[in-house]
>>> print(open('run22.cif').read())   # mmCIF, C-alpha atoms
data_input
loop_
_atom_site.group_PDB
_atom_site.id
_atom_site.type_symbol
_atom_site.label_atom_id
_atom_site.label_comp_id
_atom_site.auth_asym_id
_atom_site.auth_seq_id
_atom_site.Cartn_x
_atom_site.Cartn_y
_atom_site.Cartn_z
ATOM 1 C CA SER A 1 97.407 85.708 126.288
ATOM 2 C CA ALA A 2 95.305 88.225 128.205
ATOM 3 C CA THR A 3 97.573 91.113 127.278
ATOM 4 C CA SER A 4 97.368 90.440 123.551
ATOM 5 C CA SER A 5 93.591 90.032 123.662
ATOM 6 C CA GLN A 6 93.231 93.323 125.530
ATOM 7 C CA SER A 7 95.431 95.134 123.028
ATOM 8 C CA LEU A 8 93.432 93.660 120.148
ATOM 9 C CA ALA A 9 90.181 94.737 121.766
ATOM 10 C CA GLU A 10 91.594 98.218 122.306
ATOM 11 C CA GLN A 11 92.566 98.416 118.624
ATOM 12 C CA ILE A 12 89.040 97.429 117.593
ATOM 13 C CA ARG A 13 87.529 100.065 119.892
ATOM 14 C CA GLN A 14 89.870 102.736 118.541
ATOM 15 C CA ARG A 15 89.003 101.781 114.964
ATOM 16 C CA ARG A 16 85.269 101.988 115.656
ATOM 17 C CA LYS A 17 85.737 105.341 117.390
ATOM 18 C CA ARG A 18 87.737 106.679 114.445
ATOM 19 C CA LEU A 19 85.164 105.552 111.894
ATOM 20 C CA THR A 20 82.370 107.064 113.985
ATOM 21 C CA GLN A 21 84.139 110.411 114.137
ATOM 22 C CA LEU A 22 84.631 110.456 110.380
ATOM 23 C CA ASP A 23 81.047 109.368 109.674
ATOM 24 C CA HIS A 24 79.310 112.746 109.634
ATOM 25 C CA ALA A 25 75.976 111.111 108.783
ATOM 26 C CA GLN A 26 75.714 109.659 112.302
ATOM 27 C CA SER A 27 76.067 113.034 113.992
ATOM 28 C CA SER A 28 72.946 114.840 115.163
ATOM 29 C CA ARG A 29 73.877 118.231 113.765
ATOM 30 C CA ARG A 30 72.645 119.452 110.398
ATOM 31 C CA ILE A 31 75.231 118.987 107.645
ATOM 32 C CA LEU A 32 75.400 120.761 104.317
ATOM 33 C CA ARG A 33 77.329 118.891 101.635
ATOM 34 C CA ASP A 34 78.590 119.888 98.205
ATOM 35 C CA MET A 35 77.227 117.353 95.740
ATOM 36 C CA ILE A 36 79.533 118.565 92.959
ATOM 37 C CA ARG A 37 83.172 117.923 93.827
ATOM 38 C CA TYR A 38 86.392 118.886 92.066
ATOM 39 C CA MET A 39 89.215 116.718 93.387
ATOM 40 C CA TYR A 40 92.842 116.253 92.460
ATOM 41 C CA LEU A 41 94.695 113.101 93.528
ATOM 42 C CA VAL A 42 98.346 113.920 94.263
ATOM 43 C CA LEU A 43 100.304 110.650 94.088
ATOM 44 C CA ASP A 44 103.794 110.205 95.473
ATOM 45 C CA LEU A 45 106.096 108.494 92.943
ATOM 46 C CA SER A 46 109.333 109.286 94.732
ATOM 47 C CA GLN A 47 112.118 106.906 95.667
ATOM 48 C CA ALA A 48 110.446 105.968 98.963
ATOM 49 C CA MET A 49 107.468 104.423 97.137
ATOM 50 C CA TYR A 50 109.661 101.781 95.481
ATOM 51 C CA GLU A 51 110.554 100.155 98.791
ATOM 52 C CA LYS A 52 109.037 96.751 99.486
ATOM 53 C CA ASP A 53 106.626 96.775 102.423
ATOM 54 C CA SER A 54 104.986 93.546 103.570
ATOM 55 C CA SER A 55 103.078 95.241 106.394
ATOM 56 C CA PHE A 56 100.211 96.069 104.014
ATOM 57 C CA GLY A 57 99.398 92.386 103.551
ATOM 58 C CA PHE A 58 99.758 92.290 99.755
ATOM 59 C CA GLY A 59 102.796 90.004 99.722
ATOM 60 C CA PRO A 60 106.492 90.362 100.534
ATOM 61 C CA ASN A 61 107.406 91.472 97.008
ATOM 62 C CA LYS A 62 104.883 94.279 96.735
ATOM 63 C CA THR A 63 106.131 97.826 97.009
ATOM 64 C CA ARG A 64 104.240 100.737 98.471
ATOM 65 C CA LEU A 65 103.681 101.988 94.941
ATOM 66 C CA ASP A 66 102.012 98.713 93.916
ATOM 67 C CA VAL A 67 99.698 98.873 96.916
ATOM 68 C CA MET A 68 98.854 102.521 96.290
ATOM 69 C CA LEU A 69 98.008 101.980 92.620
ATOM 70 C CA GLN A 70 95.805 98.979 93.356
ATOM 71 C CA LEU A 71 93.838 100.691 96.115
ATOM 72 C CA THR A 72 93.645 103.968 94.208
ATOM 73 C CA GLN A 73 92.088 102.152 91.253
ATOM 74 C CA GLU A 74 89.344 100.847 93.528
ATOM 75 C CA PHE A 75 88.926 104.295 95.041
ATOM 76 C CA VAL A 76 88.421 105.914 91.618
ATOM 77 C CA GLU A 77 85.746 103.428 90.597
ATOM 78 C CA GLU A 78 83.848 103.859 93.841
ATOM 79 C CA PHE A 79 84.299 107.644 93.748
ATOM 80 C CA PHE A 80 82.495 108.036 90.434
ATOM 81 C CA ASP A 81 79.794 105.581 91.450
ATOM 82 C CA GLN A 82 78.970 107.636 94.553
ATOM 83 C CA ASN A 83 79.677 111.067 92.993
ATOM 84 C CA PRO A 84 78.357 110.982 89.411
ATOM 85 C CA LEU A 85 78.452 114.785 89.046
ATOM 86 C CA SER A 86 82.012 115.213 90.325
ATOM 87 C CA HIS A 87 85.322 115.653 88.515
ATOM 88 C CA LEU A 88 88.631 113.962 89.283
ATOM 89 C CA GLY A 89 92.192 114.683 88.169
ATOM 90 C CA ILE A 90 95.575 113.092 88.897
ATOM 91 C CA VAL A 91 98.906 114.775 89.690
ATOM 92 C CA ILE A 92 102.137 112.799 90.134
ATOM 93 C CA VAL A 93 105.166 114.011 92.089
ATOM 94 C CA LYS A 94 108.691 112.722 91.508
ATOM 95 C CA ASN A 95 112.188 114.186 91.378
ATOM 96 C CA GLY A 96 110.884 117.150 93.349
ATOM 97 C CA GLU A 97 108.558 118.116 90.481
ATOM 98 C CA ALA A 98 104.794 117.839 90.017
ATOM 99 C CA GLN A 99 103.124 116.941 86.744
ATOM 100 C CA VAL A 100 99.461 116.834 85.782
ATOM 101 C CA LEU A 101 98.804 113.354 84.470
ATOM 102 C CA SER A 102 95.048 113.744 84.031
ATOM 103 C CA LEU A 103 93.068 116.976 84.027
ATOM 104 C CA LEU A 104 89.791 117.310 85.898
ATOM 105 C CA SER A 105 87.237 115.158 84.137
ATOM 106 C CA GLY A 106 83.876 113.625 84.920
ATOM 107 C CA SER A 107 84.814 110.461 83.044
ATOM 108 C CA LYS A 108 85.868 107.398 84.981
ATOM 109 C CA ARG A 109 87.727 106.164 81.923
ATOM 110 C CA CYS A 110 90.142 109.135 81.913
ATOM 111 C CA ALA A 111 91.255 108.438 85.467
ATOM 112 C CA ALA A 112 91.506 104.694 84.824
ATOM 113 C CA VAL A 113 93.656 105.262 81.726
ATOM 114 C CA ALA A 114 95.919 107.629 83.690
ATOM 115 C CA LEU A 115 96.436 105.070 86.458
ATOM 116 C CA SER A 116 97.129 102.376 83.869
ATOM 117 C CA ALA A 117 99.747 104.665 82.338
ATOM 118 C CA VAL A 118 101.365 105.087 85.758
ATOM 119 C CA ARG A 119 101.424 101.341 86.301
ATOM 120 C CA GLU A 120 102.942 100.779 82.855
ATOM 121 C CA GLY A 121 105.496 103.547 83.376
ATOM 122 C CA VAL A 122 106.550 102.056 86.703
ATOM 123 C CA SER A 123 106.916 98.543 85.277
ATOM 124 C CA THR A 124 109.008 99.768 82.351
ATOM 125 C CA GLY A 125 111.102 102.134 84.469
ATOM 126 C CA LEU A 126 109.988 105.182 82.493
ATOM 127 C CA PHE A 127 108.973 107.211 85.558
ATOM 128 C CA ALA A 128 112.257 106.403 87.278
ATOM 129 C CA GLY A 129 114.284 107.719 84.357
ATOM 130 C CA GLY A 130 115.407 104.265 83.281
ATOM 131 C CA GLY A 131 117.954 104.141 86.097
ATOM 132 C CA GLY A 132 115.930 102.342 88.752
ATOM 133 C CA PRO A 133 114.146 103.651 91.839
ATOM 134 C CA LYS A 134 117.148 105.743 92.898
ATOM 135 C CA ASN A 135 116.428 108.126 90.011
ATOM 136 C CA ALA A 136 112.848 108.707 91.196
ATOM 137 C CA GLY A 137 114.101 111.498 93.440
ATOM 138 C CA GLU A 138 112.392 113.156 96.380
ATOM 139 C CA PHE A 139 108.783 114.039 97.100
ATOM 140 C CA SER A 140 107.717 117.704 97.011
ATOM 141 C CA LEU A 141 104.502 118.536 98.822
ATOM 142 C CA GLN A 142 104.590 122.211 97.887
ATOM 143 C CA ASN A 143 104.932 121.609 94.146
ATOM 144 C CA GLY A 144 102.099 119.076 94.212
ATOM 145 C CA LEU A 145 99.778 121.475 96.029
ATOM 146 C CA GLU A 146 100.740 124.380 93.789
ATOM 147 C CA VAL A 147 100.023 122.499 90.557
ATOM 148 C CA ALA A 148 96.698 121.117 91.771
ATOM 149 C CA GLY A 149 95.685 124.398 93.435
ATOM 150 C CA ARG A 150 96.158 126.462 90.263
ATOM 151 C CA SER A 151 93.696 124.288 88.386
ATOM 152 C CA LEU A 152 91.171 124.171 91.227
ATOM 153 C CA GLY A 153 91.192 127.944 91.590
ATOM 154 C CA HIS A 154 89.289 128.291 88.302
ATOM 155 C CA MET A 155 86.530 125.852 89.264
ATOM 156 C CA PRO A 156 82.976 127.153 89.975
ATOM 157 C CA ARG A 157 82.094 128.229 93.505
ATOM 158 C CA HIS A 158 79.130 125.888 93.766
ATOM 159 C CA GLY A 159 81.460 122.864 93.914
ATOM 160 C CA SER A 160 83.831 121.566 96.560
ATOM 161 C CA ARG A 161 87.526 122.066 95.751
ATOM 162 C CA GLU A 162 89.631 119.274 97.199
ATOM 163 C CA ILE A 163 93.187 117.941 97.034
ATOM 164 C CA PHE A 164 93.853 114.400 98.214
ATOM 165 C CA VAL A 165 97.554 113.675 98.813
ATOM 166 C CA ILE A 166 98.740 110.066 99.121
ATOM 167 C CA VAL A 167 102.352 110.085 100.297
ATOM 168 C CA GLY A 168 104.805 107.378 101.300
ATOM 169 C CA ALA A 169 107.876 109.535 101.840
ATOM 170 C CA LEU A 170 109.079 110.681 105.240
ATOM 171 C CA SER A 171 110.253 114.091 104.050
ATOM 172 C CA THR A 172 109.397 116.742 101.495
ATOM 173 C CA CYS A 173 111.848 118.706 99.338
ATOM 174 C CA ASP A 174 110.196 122.067 98.640
ATOM 175 C CA PRO A 175 111.492 125.213 96.913
ATOM 176 C CA GLY A 176 109.951 127.421 99.619
ATOM 177 C CA ASP A 177 107.930 127.444 102.813
ATOM 178 C CA VAL A 178 104.705 125.598 102.109
ATOM 179 C CA LEU A 179 103.021 126.948 105.255
ATOM 180 C CA VAL A 180 103.829 130.569 104.424
ATOM 181 C CA ASP A 181 103.642 130.643 100.625
ATOM 182 C CA THR A 182 101.216 127.913 99.527
ATOM 183 C CA LEU A 183 98.779 127.425 102.410
ATOM 184 C CA PRO A 184 97.368 131.008 102.401
ATOM 185 C CA ARG A 185 96.633 130.773 98.682
ATOM 186 C CA LEU A 186 94.811 127.485 99.187
ATOM 187 C CA LEU A 187 92.746 128.998 101.977
ATOM 188 C CA ASN A 188 91.845 132.023 99.851
ATOM 189 C CA ALA A 189 90.726 129.689 97.053
ATOM 190 C CA HIS A 190 88.690 127.581 99.543
ATOM 191 C CA VAL A 191 90.631 124.420 98.733
ATOM 192 C CA ARG A 192 90.401 121.564 101.221
ATOM 193 C CA VAL A 193 93.510 119.353 101.549
ATOM 194 C CA ASN A 194 93.322 115.732 102.744
ATOM 195 C CA CYS A 195 96.441 113.662 103.329
ATOM 196 C CA LEU A 196 96.997 109.926 103.649
ATOM 197 C CA ALA A 197 100.409 108.697 104.788
ATOM 198 C CA MET A 198 101.558 105.167 104.044
ATOM 199 C CA CYS A 199 104.455 105.472 106.510
ATOM 200 C CA ALA A 200 104.916 107.766 109.466
ATOM 201 C CA GLU A 201 103.051 111.039 109.673
ATOM 202 C CA MET A 202 104.647 114.315 108.593
ATOM 203 C CA HIS A 203 103.725 117.295 110.734
ATOM 204 C CA VAL A 204 103.427 119.626 107.736
ATOM 205 C CA CYS A 205 100.781 117.345 106.195
ATOM 206 C CA ARG A 206 98.679 117.361 109.358
ATOM 207 C CA LYS A 207 99.065 121.106 109.755
ATOM 208 C CA ILE A 208 97.853 121.806 106.207
ATOM 209 C CA SER A 209 94.993 119.296 106.470
ATOM 210 C CA GLU A 210 93.642 120.611 109.755
ATOM 211 C CA THR A 211 94.016 124.266 108.745
ATOM 212 C CA SER A 212 92.184 123.779 105.433
ATOM 213 C CA GLY A 213 89.376 121.717 106.966
ATOM 214 C CA GLY A 214 90.610 118.370 105.719
ATOM 215 C CA VAL A 215 91.521 115.074 107.350
ATOM 216 C CA MET A 216 94.927 113.506 107.968
ATOM 217 C CA GLY A 217 95.234 109.731 108.156
ATOM 218 C CA VAL A 218 98.064 107.225 108.620
ATOM 219 C CA ALA A 219 97.611 103.726 107.239
ATOM 220 C CA LEU A 220 98.500 100.879 109.595
ATOM 221 C CA ASP A 221 98.049 98.100 107.038
ATOM 222 C CA GLY A 222 96.339 97.395 103.748
ATOM 223 C CA ARG A 223 92.848 97.002 105.173
ATOM 224 C CA HIS A 224 93.190 100.146 107.245
ATOM 225 C CA MET A 225 94.367 102.095 104.198
ATOM 226 C CA LYS A 226 91.365 100.855 102.234
ATOM 227 C CA ASP A 227 89.059 102.030 105.020
ATOM 228 C CA LEU A 228 90.712 105.447 105.055
ATOM 229 C CA LEU A 229 90.346 105.769 101.292
ATOM 230 C CA HIS A 230 86.660 104.907 101.435
ATOM 231 C CA ASN A 231 86.110 107.619 104.036
ATOM 232 C CA PHE A 232 86.862 110.203 101.340
ATOM 233 C CA ILE A 233 84.283 108.853 98.884
ATOM 234 C CA ALA A 234 81.286 110.505 100.559
ATOM 235 C CA PRO A 235 81.023 114.278 100.034
ATOM 236 C CA PRO A 236 82.541 116.147 102.994
ATOM 237 C CA PRO A 237 80.713 118.883 104.910
ATOM 238 C CA ALA A 238 80.759 122.208 103.103
ATOM 239 C CA LEU A 239 83.168 124.919 104.192
ATOM 240 C CA ILE A 240 82.296 128.511 105.061
ATOM 241 C CA LYS A 241 83.490 130.366 101.982
ATOM 242 C CA GLU A 242 83.415 133.901 103.357
ATOM 243 C CA GLN A 243 85.070 135.124 106.554
ATOM 244 C CA ASN A 244 82.092 137.289 107.553
ATOM 245 C CA GLU A 245 79.614 134.411 107.237
ATOM 246 C CA THR A 246 78.366 132.837 110.453
ATOM 247 C CA GLN A 247 76.504 129.969 108.807
ATOM 248 C CA LEU A 248 76.712 127.952 105.629
ATOM 249 C CA THR A 249 74.864 129.109 102.545
ATOM 250 C CA CYS A 250 73.966 127.295 99.355
ATOM 251 C CA GLU A 251 75.412 128.302 96.005
ATOM 252 C CA PHE A 252 72.886 128.241 93.169
ATOM 253 C CA VAL A 253 73.907 126.533 89.938
ATOM 254 C CA LEU A 254 73.021 128.363 86.737
ATOM 255 C CA MET A 255 71.276 126.022 84.300
ATOM 256 C CA GLY A 256 70.755 126.670 80.600
ATOM 257 C CA LEU A 257 67.220 125.349 80.227
ATOM 258 C CA PRO A 258 65.115 126.247 77.149
ATOM 259 C CA THR A 259 62.162 128.587 77.554
ATOM 260 C CA ARG A 260 58.861 128.490 75.681
ATOM 261 C CA ASN A 261 57.634 131.747 74.189
ATOM 262 C CA THR A 262 54.130 132.219 72.800
ATOM 263 C CA GLU A 263 53.681 134.632 69.897
ATOM 264 C CA THR A 264 50.383 135.974 68.585
ATOM 265 C CA LEU A 265 51.808 136.704 65.128
ATOM 266 C CA PRO A 266 53.063 133.986 62.756
ATOM 267 C CA THR A 267 56.844 133.586 62.561
ATOM 268 C CA LEU A 268 59.135 132.228 59.898
ATOM 269 C CA VAL A 269 60.953 128.926 60.372
ATOM 270 C CA HIS A 270 64.069 128.076 58.376
ATOM 271 C CA ALA A 271 64.271 124.324 57.749
ATOM 272 C CA THR A 272 67.051 122.321 56.108
ATOM 273 C CA SER A 273 66.995 118.771 54.869
ATOM 274 C CA ALA A 274 69.148 115.969 56.142
ATOM 275 C CA LYS A 275 71.034 116.042 52.833
ATOM 276 C CA GLY A 276 72.714 119.242 53.921
ATOM 277 C CA ASN A 277 72.050 121.218 50.726
ATOM 278 C CA GLY A 278 70.440 124.077 52.620
ATOM 279 C CA SER A 279 66.934 123.648 51.244
ATOM 280 C CA VAL A 280 63.939 121.382 51.663
ATOM 281 C CA ALA A 281 62.530 119.724 48.578
ATOM 282 C CA ARG A 282 58.816 119.473 47.992
ATOM 283 C CA ASN A 283 58.808 115.705 48.526
ATOM 284 C CA ASP A 284 60.691 115.939 51.809
ATOM 285 C CA LYS A 285 58.537 115.584 54.879
ATOM 286 C CA LEU A 286 59.158 117.211 58.187
ATOM 287 C CA LEU A 287 58.123 115.046 61.141
#
>>> encode(input="run22.cif", output="structure tokens")
Amino acid sequence: SATSSQSLAEQIRQRRKRLTQLDHAQSSRRILRDMIRYMYLVLDLSQAMYEKDSSFGFGPNKTRLDVMLQLTQEFVEEFFDQNPLSHLGIVIVKNGEAQVLSLLSGSKRCAAVALSAVREGVSTGLFAGGGGPKNAGEFSLQNGLEVAGRSLGHMPRHGSREIFVIVGALSTCDPGDVLVDTLPRLLNAHVRVNCLAMCAEMHVCRKISETSGGVMGVALDGRHMKDLLHNFIAPPPALIKEQNETQLTCEFVLMGLPTRNTETLPTLVHATSAKGNGSVARNDKLL
């Protein structure tokens, strides 16, 4: 009908507009990006993720957790392909507690092994405590941000500090006020928070994302969620790291490169053989 075709056309226009807004490369203004990124993935493994959701287009028997793990695996592979100098870590949240599953590492294999461990733990019921999805508990946004933020606070200033939260729960069970206690510490550490909701949007997630300079997205289906994930692969625009700065500045990276010194007087060279006995025999040759 005409109404359905108009609504479909409106959805396509909105999708193109959203992608254009997120594509900073198409804007005319000058953009400074951090090529070295330190990112923590905060994954929701609460009870809400075990619910079957056919709206993502992966089949009627697939849960939100299955969809998240599959798309996150693709995101990790593409992330390291586009950001070879970056580091990625994984934090899981369940039962109101956050746990570091994989520390920040520049190896794609570490993240892949961690996601495989999550998939195996879900299939065997280990993450749910052996009692089914009901024992997975509630999601805690504050604990996830606190655990990831402590590790990112020690990262060098020349890199971008980011937290990417993928949540499927509709509520968060926190020990305190995340906007009063956690958000100021993240802002002082120059940590950017991005959130991706697989269900409805939580206001606290949008508030933290917009305040820290991140992006908040809500997945409509599986393809839309994949598009949102790929928007976070490219390095984001750099943040102003000092309050008194009016424009962005570059942080120099200290490199330990060897220097060549020329001496006019002869110097002594201590050489050892490959045998490891601490001396060089007369028949040994140095190449």
>>> axis_aligned_box(input="run22.cif", around="segment 97-106 of chain A", padding_each_side="4 Å", output="JSON")
{"center_x": 96.2, "center_y": 115.7, "center_z": 87.3, "size_x": 32.7, "size_y": 12.8, "size_z": 14.5}
>>> closest_residue(input="run22.cif", among="A:Thr172, A:Ser55, A:Ser140, A:Ser107", to="Met198 of chain A", atoms="only C-alpha atoms")
A:Ser55
>>> closest_residue(input="run22.cif", among="A:Asn194, A:Asn61, A:Asn135, A:Thr264", to="Pro236 of chain A", atoms="only C-alpha atoms")
A:Asn194
>>> resolve_selection(input="run22.cif", expression="the PyMOL selection byres ((chain A and resi 115) around 9)", output="list in words")
Leu69, Thr72, Gln73, Ile90, Leu101, Cys110, Ala111, Ala112, Val113, Ala114, Ser116, Ala117, Val118, Arg119 and Glu120 of chain A
>>> residues_near_point(input="run22.cif", point="(113.4, 115.9, 97.5)", cutoff="10 Å", atoms="all atoms listed in the file", output="VMD selection string")
chain A and resid 46 to 47 94 to 97 136 to 141 169 171 to 175
>>> resolve_selection(input="run22.cif", expression="the PyMOL selection byres ((chain A and resi 179) around 10)", output="PyMOL selection string")
chain A and resi 142+176-178+180-185+204-205+207-208
>>> atom_distance(input="run22.cif", atom1="atom CA of Asp227 of chain A", atom2="atom CA of Gly121 of chain A")
27.2 Å
>>> atom_distance(input="run22.cif", atom1="atom CA of Ala219 of chain A", atom2="atom CA of Arg109 of chain A")
27.3 Å
>>> build_atoms(input="run22.cif", residues="segment 190-202 of chain A", atoms="N, CA, C and O atoms", output="compact mmCIF listing (two decimals), keeping the file's coordinate frame")
# COMPACT_ATOMS: atom_id res chain seq x y z
N HIS A 190 89.63 128.52 98.91
CA HIS A 190 88.69 127.58 99.54
C HIS A 190 88.96 126.15 99.08
O HIS A 190 88.04 125.42 98.70
N VAL A 191 90.22 125.77 99.11
CA VAL A 191 90.63 124.42 98.73
C VAL A 191 90.87 123.61 100.00
O VAL A 191 91.62 124.03 100.89
N ARG A 192 90.23 122.47 100.08
CA ARG A 192 90.40 121.56 101.22
C ARG A 192 91.48 120.53 100.86
O ARG A 192 91.44 119.94 99.78
N VAL A 193 92.41 120.29 101.78
CA VAL A 193 93.51 119.35 101.55
C VAL A 193 93.36 118.18 102.51
O VAL A 193 93.27 118.37 103.74
N ASN A 194 93.32 116.97 101.96
CA ASN A 194 93.32 115.73 102.74
C ASN A 194 94.62 114.98 102.46
O ASN A 194 95.08 114.96 101.31
N CYS A 195 95.18 114.37 103.47
CA CYS A 195 96.44 113.66 103.33
C CYS A 195 96.30 112.25 103.88
O CYS A 195 95.63 112.03 104.90
N LEU A 196 96.94 111.31 103.20
CA LEU A 196 97.00 109.93 103.65
C LEU A 196 98.44 109.46 103.57
O LEU A 196 99.03 109.43 102.48
N ALA A 197 99.02 109.13 104.72
CA ALA A 197 100.41 108.70 104.79
C ALA A 197 100.48 107.18 104.86
O ALA A 197 99.75 106.55 105.64
N MET A 198 101.35 106.61 104.04
CA MET A 198 101.56 105.17 104.04
C MET A 198 102.67 104.77 105.01
O MET A 198 102.84 103.57 105.28
N CYS A 199 103.42 105.72 105.49
CA CYS A 199 104.46 105.47 106.51
C CYS A 199 104.13 106.33 107.73
O CYS A 199 102.97 106.48 108.08
N ALA A 200 105.14 106.90 108.32
CA ALA A 200 104.92 107.77 109.47
C ALA A 200 104.32 109.09 109.02
O ALA A 200 104.41 109.48 107.85
N GLU A 201 103.72 109.77 109.96
CA GLU A 201 103.05 111.04 109.67
C GLU A 201 104.06 112.19 109.62
O GLU A 201 104.98 112.26 110.43
N MET A 202 103.88 113.08 108.65
CA MET A 202 104.65 114.32 108.59
C MET A 202 103.82 115.45 109.19
O MET A 202 102.64 115.60 108.86
